[in-house]
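The next block is target30.cif, given as mmCIF, C-alpha atoms.
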data_coords
#
loop_
_atom_site.group_PDB
_atom_site.id
_atom_site.type_symbol
_atom_site.label_atom_id
_atom_site.label_comp_id
_atom_site.auth_asym_id
_atom_site.auth_seq_id
_atom_site.Cartn_x
_atom_site.Cartn_y
_atom_site.Cartn_z
ATOM 1 C CA MET A 217 8.173 -19.302 -29.648
ATOM 2 C CA GLU A 218 7.697 -16.001 -27.864
ATOM 3 C CA ILE A 219 4.191 -14.908 -26.915
ATOM 4 C CA LYS A 220 3.654 -11.203 -26.170
ATOM 5 C CA VAL A 221 1.361 -10.752 -23.209
ATOM 6 C CA TYR A 222 1.538 -7.189 -21.775
ATOM 7 C CA HIS A 223 -0.727 -7.926 -18.863
ATOM 8 C CA GLN A 224 -0.756 -5.946 -15.600
ATOM 9 C CA ILE A 225 -0.345 -8.520 -12.845
ATOM 10 C CA LEU A 226 -1.876 -6.376 -10.135
ATOM 11 C CA ASP A 227 -5.102 -6.065 -12.148
ATOM 12 C CA TRP A 228 -6.840 -8.716 -10.054
ATOM 13 C CA ASN A 229 -6.305 -6.628 -6.921
ATOM 14 C CA GLU A 230 -7.266 -3.395 -8.667
ATOM 15 C CA ASP A 231 -10.507 -4.884 -10.039
ATOM 16 C CA VAL A 232 -11.560 -5.948 -6.560
ATOM 17 C CA SER A 233 -10.500 -2.651 -4.990
ATOM 18 C CA GLY A 234 -12.724 -0.920 -7.559
ATOM 19 C CA GLN A 235 -15.647 -3.081 -6.429
ATOM 20 C CA VAL A 236 -14.925 -2.283 -2.774
ATOM 21 C CA LYS A 237 -14.927 1.435 -3.635
ATOM 22 C CA GLU A 238 -18.306 1.068 -5.374
ATOM 23 C CA THR A 239 -19.833 -0.716 -2.377
ATOM 24 C CA LEU A 240 -18.548 1.934 0.018
ATOM 25 C CA LYS A 241 -19.799 4.750 -2.181
ATOM 26 C CA LYS A 242 -23.262 3.223 -2.297
ATOM 27 C CA HIS A 243 -23.430 3.221 1.498
ATOM 28 C CA HIS A 244 -21.679 6.608 1.939
ATOM 29 C CA THR A 245 -18.897 5.009 3.951
ATOM 30 C CA ILE A 246 -15.301 6.224 3.994
ATOM 31 C CA LEU A 247 -12.511 3.664 4.344
ATOM 32 C CA ILE A 248 -9.299 4.886 5.963
ATOM 33 C CA ASN A 249 -6.244 2.650 5.592
ATOM 34 C CA ILE A 250 -3.788 3.067 8.491
ATOM 35 C CA MET A 251 -0.290 1.838 7.776
ATOM 36 C CA GLY A 252 2.997 1.760 9.671
ATOM 37 C CA SER A 253 5.631 -0.450 11.289
ATOM 38 C CA PRO A 254 4.887 -2.856 14.122
ATOM 39 C CA GLY A 255 5.041 -0.773 17.279
ATOM 40 C CA ALA A 256 4.587 2.597 15.537
ATOM 41 C CA GLY A 257 1.458 3.133 17.615
ATOM 42 C CA LYS A 258 -1.284 2.403 15.086
ATOM 43 C CA THR A 259 -3.650 0.934 17.663
ATOM 44 C CA SER A 260 -2.941 3.577 20.336
ATOM 45 C CA LEU A 261 -3.413 6.389 17.841
ATOM 46 C CA LEU A 262 -6.570 4.812 16.479
ATOM 47 C CA LYS A 263 -7.967 4.712 20.027
ATOM 48 C CA GLU A 264 -7.334 8.468 20.340
ATOM 49 C CA LEU A 265 -8.886 9.188 16.940
ATOM 50 C CA ILE A 266 -11.943 7.136 17.842
ATOM 51 C CA GLN A 267 -12.420 9.222 21.002
ATOM 52 C CA ALA A 268 -11.993 12.432 18.978
ATOM 53 C CA LEU A 269 -14.367 11.434 16.169
ATOM 54 C CA ARG A 270 -16.999 9.202 17.748
ATOM 55 C CA ASN A 271 -19.325 12.027 18.780
ATOM 56 C CA LYS A 272 -19.580 13.288 15.228
ATOM 57 C CA TYR A 273 -19.453 10.113 13.142
ATOM 58 C CA SER A 274 -20.414 6.484 13.508
ATOM 59 C CA LEU A 275 -17.245 4.428 13.255
ATOM 60 C CA GLY A 276 -16.121 0.890 12.549
ATOM 61 C CA VAL A 277 -12.768 -0.857 12.601
ATOM 62 C CA ILE A 278 -11.185 -3.687 10.660
ATOM 63 C CA GLU A 279 -8.192 -4.917 12.619
ATOM 64 C CA GLY A 280 -5.576 -6.569 10.469
ATOM 65 C CA ASP A 281 -3.401 -8.965 12.420
ATOM 66 C CA ILE A 282 -1.224 -11.794 11.300
ATOM 67 C CA THR A 283 -2.505 -14.263 13.884
ATOM 68 C CA THR A 284 -3.942 -12.749 17.050
ATOM 69 C CA SER A 285 -7.090 -10.814 17.899
ATOM 70 C CA ILE A 286 -5.517 -8.557 20.542
ATOM 71 C CA ASP A 287 -6.224 -5.327 18.648
ATOM 72 C CA ALA A 288 -9.780 -6.292 17.710
ATOM 73 C CA LYS A 289 -10.505 -6.873 21.418
ATOM 74 C CA THR A 290 -9.100 -3.425 22.249
ATOM 75 C CA MET A 291 -11.524 -1.857 19.769
ATOM 76 C CA ALA A 292 -14.475 -3.938 20.939
ATOM 77 C CA ASP A 293 -13.767 -2.697 24.485
ATOM 78 C CA LEU A 294 -14.316 0.838 23.184
ATOM 79 C CA GLY A 295 -17.750 -0.170 21.961
ATOM 80 C CA ILE A 296 -16.880 0.263 18.296
ATOM 81 C CA PRO A 297 -18.035 -2.401 15.817
ATOM 82 C CA SER A 298 -14.841 -4.193 14.940
ATOM 83 C CA VAL A 299 -13.911 -7.267 12.991
ATOM 84 C CA GLU A 300 -10.544 -8.894 13.023
ATOM 85 C CA LEU A 301 -8.914 -9.845 9.781
ATOM 86 C CA ASN A 302 -6.282 -12.490 10.308
ATOM 87 C CA THR A 303 -4.032 -12.710 7.283
ATOM 88 C CA ASP A 304 -2.621 -16.026 8.518
ATOM 89 C CA GLY A 305 0.992 -15.110 7.944
ATOM 90 C CA ALA A 306 0.631 -12.707 5.017
ATOM 91 C CA CYS A 307 2.404 -9.376 5.356
ATOM 92 C CA HIS A 308 -0.351 -7.120 4.018
ATOM 93 C CA ILE A 309 -4.105 -6.857 3.467
ATOM 94 C CA GLU A 310 -5.566 -7.178 -0.018
ATOM 95 C CA ALA A 311 -8.769 -5.802 -1.517
ATOM 96 C CA MET A 312 -10.213 -9.330 -1.658
ATOM 97 C CA SER A 313 -10.048 -9.659 2.137
ATOM 98 C CA ILE A 314 -11.810 -6.321 2.582
ATOM 99 C CA GLN A 315 -14.499 -7.332 0.115
ATOM 100 C CA LYS A 316 -15.108 -10.530 2.091
ATOM 101 C CA ILE A 317 -15.253 -8.757 5.435
ATOM 102 C CA LEU A 318 -17.509 -5.798 4.476
ATOM 103 C CA PRO A 319 -20.762 -7.795 4.867
ATOM 104 C CA GLU A 320 -19.876 -8.158 8.579
ATOM 105 C CA PHE A 321 -20.734 -4.464 8.985
ATOM 106 C CA ASP A 322 -24.025 -2.626 8.607
ATOM 107 C CA LEU A 323 -22.472 -0.063 6.271
ATOM 108 C CA ASP A 324 -25.555 2.152 6.235
ATOM 109 C CA GLN A 325 -24.830 2.782 9.908
ATOM 110 C CA ILE A 326 -21.124 3.506 9.441
ATOM 111 C CA ASP A 327 -19.611 6.797 8.241
ATOM 112 C CA VAL A 328 -15.970 5.933 8.682
ATOM 113 C CA LEU A 329 -14.432 2.478 8.632
ATOM 114 C CA PHE A 330 -10.813 2.349 9.745
ATOM 115 C CA VAL A 331 -8.561 -0.457 8.571
ATOM 116 C CA GLU A 332 -5.529 -1.056 10.714
ATOM 117 C CA ASN A 333 -3.191 -2.703 8.260
ATOM 118 C CA ILE A 334 -0.520 -5.261 9.111
ATOM 119 C CA GLY A 335 2.492 -3.692 10.835
ATOM 120 C CA ASN A 336 4.923 -3.417 7.945
ATOM 121 C CA LEU A 337 6.568 -0.486 6.162
ATOM 122 C CA VAL A 338 6.838 -2.196 2.774
ATOM 123 C CA CYS A 339 4.064 -4.440 1.515
ATOM 124 C CA PRO A 340 0.816 -2.687 2.536
ATOM 125 C CA ALA A 341 1.762 0.352 0.413
ATOM 126 C CA GLU A 342 1.652 -1.782 -2.716
ATOM 127 C CA PHE A 343 -1.923 -2.976 -2.382
ATOM 128 C CA ASP A 344 -4.917 -0.742 -2.967
ATOM 129 C CA ILE A 345 -7.602 -2.159 -0.656
ATOM 130 C CA GLY A 346 -10.378 0.116 -1.917
ATOM 131 C CA GLU A 347 -9.601 2.802 0.628
ATOM 132 C CA THR A 348 -10.815 6.386 0.383
ATOM 133 C CA MET A 349 -7.699 7.700 2.072
ATOM 134 C CA ARG A 350 -4.421 6.494 3.528
ATOM 135 C CA MET A 351 -2.564 7.472 6.687
ATOM 136 C CA THR A 352 1.055 6.503 7.310
ATOM 137 C CA ILE A 353 2.348 6.457 10.882
ATOM 138 C CA LEU A 354 6.046 6.730 11.665
ATOM 139 C CA SER A 355 7.227 6.774 15.270
ATOM 140 C CA ILE A 356 10.279 8.642 16.548
ATOM 141 C CA PRO A 357 12.181 5.535 17.810
ATOM 142 C CA GLU A 358 12.106 4.035 14.293
ATOM 143 C CA GLY A 359 14.621 6.633 13.122
ATOM 144 C CA ASP A 360 14.603 9.607 10.780
ATOM 145 C CA ASP A 361 15.856 7.744 7.708
ATOM 146 C CA LYS A 362 12.692 5.769 7.040
ATOM 147 C CA VAL A 363 11.221 8.066 4.367
ATOM 148 C CA VAL A 364 14.207 7.600 2.072
ATOM 149 C CA LYS A 365 14.508 3.923 2.919
ATOM 150 C CA TYR A 366 10.850 3.032 2.325
ATOM 151 C CA PRO A 367 9.718 5.697 -0.143
ATOM 152 C CA LEU A 368 6.565 3.987 -1.400
ATOM 153 C CA MET A 369 4.956 4.001 2.050
ATOM 154 C CA PHE A 370 5.404 7.783 2.181
ATOM 155 C CA THR A 371 4.622 8.513 -1.465
ATOM 156 C CA GLU A 372 1.359 6.587 -1.579
ATOM 157 C CA THR A 373 -0.313 8.256 1.376
ATOM 158 C CA ASP A 374 -2.573 11.238 2.064
ATOM 159 C CA CYS A 375 -0.895 12.229 5.306
ATOM 160 C CA LEU A 376 2.040 11.380 7.534
ATOM 161 C CA ILE A 377 1.702 11.115 11.292
ATOM 162 C CA ILE A 378 4.910 11.269 13.298
ATOM 163 C CA ASN A 379 3.986 9.589 16.574
ATOM 164 C CA LYS A 380 5.632 9.388 20.024
ATOM 165 C CA ALA A 381 6.579 13.078 20.017
ATOM 166 C CA ASP A 382 6.889 12.784 23.822
ATOM 167 C CA VAL A 383 10.169 10.846 23.445
ATOM 168 C CA LEU A 384 11.728 13.181 20.866
ATOM 169 C CA PRO A 385 14.242 14.665 23.389
ATOM 170 C CA TYR A 386 15.722 11.214 23.985
ATOM 171 C CA PHE A 387 16.388 10.245 20.363
ATOM 172 C CA ASP A 388 18.676 11.571 17.645
ATOM 173 C CA PHE A 389 15.685 12.082 15.413
ATOM 174 C CA ASP A 390 15.886 14.981 12.965
ATOM 175 C CA LEU A 391 12.284 16.084 12.537
ATOM 176 C CA ASP A 392 13.217 18.615 9.822
ATOM 177 C CA ARG A 393 14.933 15.910 7.814
ATOM 178 C CA VAL A 394 11.840 13.706 7.873
ATOM 179 C CA GLN A 395 9.591 16.616 6.856
ATOM 180 C CA LYS A 396 11.977 17.540 4.039
ATOM 181 C CA ASP A 397 12.331 13.954 2.779
ATOM 182 C CA TYR A 398 8.566 13.520 2.962
ATOM 183 C CA GLN A 399 7.928 16.705 0.975
ATOM 184 C CA GLY A 400 10.476 15.429 -1.538
ATOM 185 C CA VAL A 401 8.543 12.224 -2.224
ATOM 186 C CA ASN A 402 5.020 13.507 -1.534
ATOM 187 C CA PRO A 403 4.918 17.255 -2.260
ATOM 188 C CA GLY A 404 2.180 19.222 -0.544
ATOM 189 C CA ALA A 405 0.909 16.350 1.635
ATOM 190 C CA PRO A 406 0.392 17.267 5.297
ATOM 191 C CA ALA A 407 2.422 15.882 8.203
ATOM 192 C CA PHE A 408 1.364 15.883 11.869
ATOM 193 C CA VAL A 409 3.599 15.493 14.901
ATOM 194 C CA VAL A 410 1.610 13.821 17.653
ATOM 195 C CA SER A 411 1.847 11.760 20.805
ATOM 196 C CA ALA A 412 -0.867 9.202 21.436
ATOM 197 C CA LYS A 413 0.467 9.076 24.998
ATOM 198 C CA ASP A 414 0.360 12.734 26.108
ATOM 199 C CA LYS A 415 -2.283 13.588 23.439
ATOM 200 C CA SER A 416 -0.243 16.435 21.920
ATOM 201 C CA GLY A 417 -1.104 17.147 18.277
ATOM 202 C CA ILE A 418 -4.190 14.909 18.359
ATOM 203 C CA ASP A 419 -6.545 17.903 18.030
ATOM 204 C CA ALA A 420 -4.836 19.194 14.892
ATOM 205 C CA LEU A 421 -4.894 15.723 13.355
ATOM 206 C CA SER A 422 -8.539 15.061 14.186
ATOM 207 C CA ASN A 423 -9.544 18.492 12.850
ATOM 208 C CA TYR A 424 -7.773 17.679 9.586
ATOM 209 C CA LEU A 425 -9.574 14.317 9.449
ATOM 210 C CA LYS A 426 -12.936 15.931 10.164
ATOM 211 C CA GLU A 427 -12.410 18.348 7.284
ATOM 212 C CA LYS A 428 -11.423 15.494 4.975
ATOM 213 C CA ILE A 429 -14.327 13.286 6.082
ATOM 214 C CA ASP A 430 -16.874 16.112 5.713
ATOM 215 C CA ALA A 431 -15.619 16.834 2.218
ATOM 216 C CA LEU A 432 -15.843 13.160 1.273
ATOM 217 C CA LEU A 433 -19.143 12.193 2.897
ATOM 218 C CA MET B 1385 7.943 -12.033 1.307
ATOM 219 C CA HIS B 1386 4.744 -10.935 -0.413
ATOM 220 C CA GLU B 1387 5.874 -12.306 -3.764
ATOM 221 C CA MET B 1388 4.137 -15.650 -3.152
ATOM 222 C CA GLU B 1389 0.715 -14.387 -4.169
ATOM 223 C CA ILE B 1390 1.965 -12.508 -7.185
ATOM 224 C CA THR B 1391 3.985 -15.557 -8.241
ATOM 225 C CA SER B 1392 1.007 -17.907 -8.073
ATOM 226 C CA HIS B 1393 -0.927 -15.369 -10.121
ATOM 227 C CA ILE B 1394 1.862 -15.188 -12.706
ATOM 228 C CA LEU B 1395 1.955 -18.995 -12.861
ATOM 229 C CA LYS B 1396 -1.811 -19.296 -13.267
ATOM 230 C CA GLU B 1397 -1.934 -16.664 -15.977
ATOM 231 C CA THR B 1398 1.040 -17.938 -17.974
ATOM 232 C CA LEU B 1399 -0.214 -21.538 -17.819
ATOM 233 C CA GLU B 1400 -3.538 -20.393 -19.290
ATOM 234 C CA ILE B 1401 -1.816 -18.462 -22.084
ATOM 235 C CA ALA B 1402 0.529 -21.353 -22.882
ATOM 236 C CA LYS B 1403 -2.392 -23.776 -22.965
ATOM 237 C CA LYS B 1404 -4.251 -21.513 -25.391
ATOM 238 C CA HIS B 1405 -1.234 -21.607 -27.682
ATOM 239 C CA HIS B 1406 -0.997 -25.424 -27.356
ATOM 240 C CA ALA B 1407 2.493 -25.134 -25.888
ATOM 241 C CA LYS B 1408 4.176 -28.037 -24.118
ATOM 242 C CA LYS B 1409 6.607 -26.096 -21.988
ATOM 243 C CA ILE B 1410 7.097 -22.553 -20.682
ATOM 244 C CA LYS B 1411 10.808 -21.739 -20.778
ATOM 245 C CA LYS B 1412 10.972 -18.053 -19.902
ATOM 246 C CA ILE B 1413 8.658 -15.458 -18.408
ATOM 247 C CA THR B 1414 9.636 -11.843 -18.977
ATOM 248 C CA LEU B 1415 8.259 -9.359 -16.464
ATOM 249 C CA ALA B 1416 8.326 -5.562 -16.734
ATOM 250 C CA LEU B 1417 8.588 -3.981 -13.298
ATOM 251 C CA GLY B 1418 8.477 -0.323 -12.288
ATOM 252 C CA PRO B 1419 10.995 0.829 -9.659
ATOM 253 C CA PHE B 1420 8.103 1.454 -7.252
ATOM 254 C CA CYS B 1421 6.358 -1.901 -7.744
ATOM 255 C CA GLY B 1422 8.188 -3.404 -4.794
ATOM 256 C CA PHE B 1423 8.541 -6.945 -6.104
ATOM 257 C CA VAL B 1424 11.929 -8.614 -6.049
ATOM 258 C CA PRO B 1425 12.550 -10.742 -9.164
ATOM 259 C CA GLU B 1426 14.803 -13.180 -7.257
ATOM 260 C CA CYS B 1427 11.975 -13.858 -4.801
ATOM 261 C CA ILE B 1428 9.524 -14.446 -7.635
ATOM 262 C CA GLN B 1429 12.010 -16.925 -9.128
ATOM 263 C CA MET B 1430 12.442 -18.679 -5.790
ATOM 264 C CA TYR B 1431 8.703 -19.145 -5.246
ATOM 265 C CA MET B 1432 8.216 -20.083 -8.890
ATOM 266 C CA ASP B 1433 10.811 -22.868 -8.608
ATOM 267 C CA VAL B 1434 8.694 -24.405 -5.863
ATOM 268 C CA ILE B 1435 5.137 -23.896 -7.102
ATOM 269 C CA SER B 1436 5.767 -24.672 -10.779
ATOM 270 C CA GLN B 1437 6.907 -28.239 -10.059
ATOM 271 C CA GLY B 1438 4.875 -30.763 -11.985
ATOM 272 C CA THR B 1439 3.486 -28.097 -14.342
ATOM 273 C CA MET B 1440 4.710 -27.172 -17.804
ATOM 274 C CA ALA B 1441 6.374 -24.137 -16.239
ATOM 275 C CA GLN B 1442 8.749 -26.305 -14.196
ATOM 276 C CA ASP B 1443 12.317 -24.875 -14.350
ATOM 277 C CA VAL B 1444 11.021 -21.675 -15.976
ATOM 278 C CA GLN B 1445 13.411 -18.726 -15.955
ATOM 279 C CA ILE B 1446 12.098 -15.374 -14.728
ATOM 280 C CA ILE B 1447 13.535 -12.372 -16.541
ATOM 281 C CA ALA B 1448 12.835 -8.927 -15.143
ATOM 282 C CA LYS B 1449 13.033 -5.711 -17.156
ATOM 283 C CA THR B 1450 12.812 -2.352 -15.429
ATOM 284 C CA ILE B 1451 10.281 0.237 -16.551
ATOM 285 C CA PRO B 1452 11.622 3.776 -16.091
ATOM 286 C CA LEU B 1453 10.154 6.141 -13.517
ATOM 287 C CA LYS B 1454 8.582 8.918 -15.592
ATOM 288 C CA ILE B 1455 7.208 12.172 -14.252
ATOM 289 C CA ARG B 1456 5.538 15.320 -15.486
ATOM 290 C CA CYS B 1457 6.596 18.458 -13.641
ATOM 291 C CA ASN B 1458 3.611 20.515 -12.500
ATOM 292 C CA THR B 1459 5.836 23.613 -12.356
ATOM 293 C CA CYS B 1460 7.564 23.672 -15.775
ATOM 294 C CA GLN B 1461 5.252 21.101 -17.446
ATOM 295 C CA LYS B 1462 8.188 19.094 -18.824
ATOM 296 C CA GLU B 1463 8.303 15.299 -18.776
ATOM 297 C CA ALA B 1464 11.383 13.385 -17.676
ATOM 298 C CA GLU B 1465 12.728 10.028 -16.540
ATOM 299 C CA ILE B 1466 14.129 10.287 -13.048
ATOM 300 C CA ASP B 1467 15.858 8.181 -10.421
ATOM 301 C CA ARG B 1468 13.700 7.012 -7.501
ATOM 302 C CA LEU B 1469 16.216 8.384 -5.027
ATOM 303 C CA HIS B 1470 16.121 11.887 -6.509
ATOM 304 C CA ILE B 1471 12.482 12.801 -6.756
ATOM 305 C CA GLU B 1472 12.737 16.210 -8.405
ATOM 306 C CA CYS B 1473 12.360 17.744 -11.842
ATOM 307 C CA PRO B 1474 15.755 17.572 -13.599
ATOM 308 C CA TYR B 1475 14.976 20.844 -15.421
ATOM 309 C CA CYS B 1476 13.644 23.222 -12.764
ATOM 310 C CA HIS B 1477 14.267 21.137 -9.564
ATOM 311 C CA SER B 1478 10.637 21.419 -8.519
ATOM 312 C CA THR B 1479 9.276 18.575 -6.375
ATOM 313 C CA ASN B 1480 5.714 19.219 -7.451
ATOM 314 C CA LEU B 1481 5.501 16.249 -9.799
ATOM 315 C CA LYS B 1482 2.950 13.882 -11.232
ATOM 316 C CA ARG B 1483 4.125 10.318 -11.619
ATOM 317 C CA LEU B 1484 3.383 8.897 -15.065
ATOM 318 C CA SER B 1485 4.912 5.456 -14.620
ATOM 319 C CA GLY B 1486 6.788 3.477 -12.033
ATOM 320 C CA ASN B 1487 4.417 1.084 -10.173
ATOM 321 C CA GLU B 1488 3.920 -1.314 -13.056
ATOM 322 C CA CYS B 1489 4.150 -5.015 -12.612
ATOM 323 C CA MET B 1490 3.454 -6.655 -15.947
ATOM 324 C CA ILE B 1491 3.911 -9.978 -17.656
ATOM 325 C CA GLU B 1492 5.511 -8.765 -20.884
ATOM 326 C CA SER B 1493 6.005 -12.039 -22.728
ATOM 327 C CA ILE B 1494 6.518 -15.755 -22.314
ATOM 328 C CA GLU B 1495 8.743 -18.104 -24.278
ATOM 329 C CA VAL B 1496 7.220 -21.501 -24.923
ATOM 330 C CA GLU B 1497 7.915 -24.584 -26.973
#
Show the structure stored in the file as structure tokens.
Amino acid sequence: MEIKVYHQILDWNEDVSGQVKETLKKHHTILINIMGSPGAGKTSLLKELIQALRNKYSLGVIEGDITTSIDAKTMADLGIPSVELNTDGACHIEAMSIQKILPEFDLDQIDVLFVENIGNLVCPAEFDIGETMRMTILSIPEGDDKVVKYPLMFTETDCLIINKADVLPYFDFDLDRVQKDYQGVNPGAPAFVVSAKDKSGIDALSNYLKEKIDALL
Amino acid sequence: MHEMEITSHILKETLEIAKKHHAKKIKKITLALGPFCGFVPECIQMYMDVISQGTMAQDVQIIAKTIPLKIRCNTCQKEAEIDRLHIECPYCHSTNLKRLSGNECMIESIEVE
């Protein structure tokens, strides 16, 4: 006997992400989901963004890590409320984990809560965690073919940040190709070329974020 | 690698449905997946083989159907089915598109006895 079901399997995650969104809205908190490969520079860039934004907004960080708390310690050293979220082997963060961790923060005191997702160019793009906006980071050494190889990560994002611009002269990385591929899968979305190391492009990126945050708050 | 969670969810859900229909065994589970859903049917099968042991879904066969990637062009307003590697309007070649389908991950039906 065949039983017709027609049930969306990701519903469970979407229901919870809806609840996370409601909670955040109630407290006027924006959740920014930062995604990218291991080593793309998510933590280094986040440190720069914190310095650029901390005078204007009160910030918080959820550090996703598979097992360690190295990144959470880095954030705590900056004096930013941060909680580590160990996924214990899982390759992405889900809305359920965010829902569980939100009570760790005094959300009334936080304007912007950053989530540093697990370093991975595939899985995090598939799970809505209740975020207000998404940022995808790609670094020059990863290669210029990543947008076509991992389209979802670049389609399901509000902006692309191409990091490690300082090493561009040493790699066969076609910046125009990446921009073109990105516009192909995510028309009209902005891209920023930055270096968390020499700070180039950080101003333009933080100005864009300020505009976005002001419009959303 | 992230199929484990989705597989345990599929198992839980299909066991409940089968129980409701007083079935003794689940033989097939048909999934409908969009090209952007990012789940690999072979991985779902592999995890299912392990976690379904001892349940009425033991030895169940996973069948995956693909849902087409549909878009509406914001430039010429036409709708079309496109390939995920060529994200452009087949009529006017605009890349200003709205995606209508493509991320689905659905349990379409189950076959029980």
Please report as a tab-separated table every residue of chain A lying within 10 Å of chain B, along with the nearest atom pair and their distance in Å (one decimal), using only C-alpha atoms.
residue	atom	partner	partner_atom	distance
A:Met217	CA	B:Val1496	CA	5.3
A:Glu218	CA	B:Glu1495	CA	4.3
A:Ile219	CA	B:Ile1494	CA	5.2
A:Lys220	CA	B:Ser1493	CA	4.3
A:Val221	CA	B:Ser1493	CA	4.8
A:Tyr222	CA	B:Glu1492	CA	4.4
A:His223	CA	B:Ile1491	CA	5.2
A:Gln224	CA	B:Met1490	CA	4.3
A:Ile225	CA	B:Met1490	CA	5.2
A:Leu226	CA	B:Cys1489	CA	6.7
A:Asp227	CA	B:Cys1489	CA	9.3
A:Trp228	CA	B:His1393	CA	8.9
A:Ala306	CA	B:His1386	CA	7.0
A:Cys307	CA	B:His1386	CA	6.4
A:His308	CA	B:His1386	CA	7.8
A:Val338	CA	B:Gly1422	CA	7.8
A:Cys339	CA	B:His1386	CA	6.8
A:Pro340	CA	B:His1386	CA	9.6
A:Ala341	CA	B:Gly1422	CA	9.1
A:Glu342	CA	B:Cys1421	CA	6.9
A:Phe343	CA	B:Cys1421	CA	9.9
A:Val364	CA	B:Leu1469	CA	7.4
A:Lys365	CA	B:Leu1469	CA	9.3
A:Tyr366	CA	B:Gly1422	CA	10.0
A:Pro367	CA	B:Phe1420	CA	8.4
A:Leu368	CA	B:Phe1420	CA	6.6
A:Thr371	CA	B:Phe1420	CA	9.8
A:Asp397	CA	B:Ile1471	CA	9.6
A:Gln399	CA	B:Thr1479	CA	7.7
A:Gly400	CA	B:Thr1479	CA	5.9
A:Val401	CA	B:Ile1471	CA	6.0
A:Asn402	CA	B:Thr1479	CA	8.2
A:Pro403	CA	B:Asn1480	CA	5.6
A:Gly404	CA	B:Asn1480	CA	7.8
Inset, instruction - Specify as a PyMOL selection string each residue included when the PyMOL selection byres ((chain A and resi 379-389) around 10) is applied to this file. - result: chain A and resi 256-258+260-261+353-361+376-378+390-394+408-418
Axis-aligned box for all listed atoms of segment 1454-1466 of chain B, 6 Å per side, centre and edges in Å to one decimal, as AutoDock Vina command-line options:
--center_x 8.9 --center_y 16.3 --center_z -15.6 --size_x 22.5 --size_y 26.8 --size_z 18.5
Inset, instruction - To one decimal in Å, tell me the separation between atom CA of Met251 of chain A and atom CA of Phe370 of chain A. - result: 10.0 Å
Legend entry - Protein/DNA/RNA residues near (-1.0, -12.8, 9.8), cut 7 Å, only C-alpha atoms, as number ranges by chain: A: 281-283, 302-307
Inset, instruction - Carefully work through the PyMOL selection byres ((chain A and resi 290-294) around 10) for this structure and note down the residues it includes, as a PyMOL selection string. - result: chain A and resi 259-260+262-263+266-267+276-279+285-289+295-300
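With only C-alpha atoms as the atoms that count, the minimum distance from Arg1456 of chain B to the choices B:Ser1485, B:Gln1429, B:Gln1442, B:Ser1436 is reached by B:Ser1485.
Pairwise distance (atom CA of Ala1464 of chain B, atom CA of Lys1449 of chain B) equals 19.2 Å.
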Legend entry - Close residues, Val1434 of chain B itself excluded, 12 Å, only C-alpha atoms, min 3 positions apart in chain, as a count of residues only: 16
Inset, instruction - For Glu310 of chain A, list every protein, DNA or RNA residue within 7 Å, evaluated using only C-alpha atoms, and leave out those in the same chain fewer than 2 positions away; present the list as number ranges by chain. - result: A: 229, 308, 312-314, 343, 345
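This file, queried with the PyMOL selection byres ((chain A and resi 249) around 7), gives the residues Leu247, Ile248, Ile250, Met251, Phe330, Val331, Glu332, Asn333, Glu347, Met349, Arg350 and Met351 of chain A.
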Inset, instruction - Fewer than 6 positions away in the same chain doesn't count, so skip those; otherwise give me all residues within 8 Å of Pro1425 of chain B, counting all atoms listed in the file, as a VMD selection string. - result: chain B and resid 1446 to 1448
Legend entry - Separation of atom CA of His243 of chain A from atom CA of Lys316 of chain A, in Å and rounded to one decimal: 16.1 Å
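Summary of the local environment: counting all atoms listed in the file, residues at most 9 Å from Glu1463 of chain B, other than itself and those fewer than 2 positions away along its chain, are Lys1454, Ile1455, Arg1456, Cys1457, Cys1460, Gln1461, Glu1465, Cys1473 and Leu1484 of chain B.
Residue nearest Lys1396 of chain B, chosen from B:Arg1483, B:Asn1458, B:Met1432, B:Glu1426 and counting all atoms listed in the file: B:Met1432.
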Residue rebuild result segment 406-411 of chain A, N, CA, C and O atoms as an mmCIF file, in the coordinates of the input:
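Writing done, so here's selection.cif:
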data_model
loop_
_atom_site.group_PDB
_atom_site.id
_atom_site.type_symbol
_atom_site.label_atom_id
_atom_site.label_comp_id
_atom_site.auth_asym_id
_atom_site.auth_seq_id
_atom_site.Cartn_x
_atom_site.Cartn_y
_atom_site.Cartn_z
ATOM 1 N N PRO A 406 0.166 16.787 3.931
ATOM 2 C CA PRO A 406 0.392 17.267 5.297
ATOM 3 C C PRO A 406 1.073 16.241 6.203
ATOM 4 O O PRO A 406 0.935 15.035 5.989
ATOM 5 N N ALA A 407 1.809 16.735 7.187
ATOM 6 C CA ALA A 407 2.422 15.882 8.203
ATOM 7 C C ALA A 407 2.021 16.407 9.579
ATOM 8 O O ALA A 407 1.925 17.624 9.778
ATOM 9 N N PHE A 408 1.768 15.499 10.519
ATOM 10 C CA PHE A 408 1.364 15.883 11.869
ATOM 11 C C PHE A 408 2.302 15.235 12.872
ATOM 12 O O PHE A 408 2.615 14.052 12.754
ATOM 13 N N VAL A 409 2.750 16.036 13.835
ATOM 14 C CA VAL A 409 3.599 15.493 14.901
ATOM 15 C C VAL A 409 2.715 15.323 16.127
ATOM 16 O O VAL A 409 2.136 16.297 16.616
ATOM 17 N N VAL A 410 2.554 14.091 16.572
ATOM 18 C CA VAL A 410 1.610 13.821 17.653
ATOM 19 C C VAL A 410 2.216 12.890 18.711
ATOM 20 O O VAL A 410 3.263 12.279 18.483
ATOM 21 N N SER A 411 1.525 12.792 19.826
ATOM 22 C CA SER A 411 1.847 11.760 20.805
ATOM 23 C C SER A 411 0.534 11.155 21.273
ATOM 24 O O SER A 411 -0.300 11.850 21.850
#
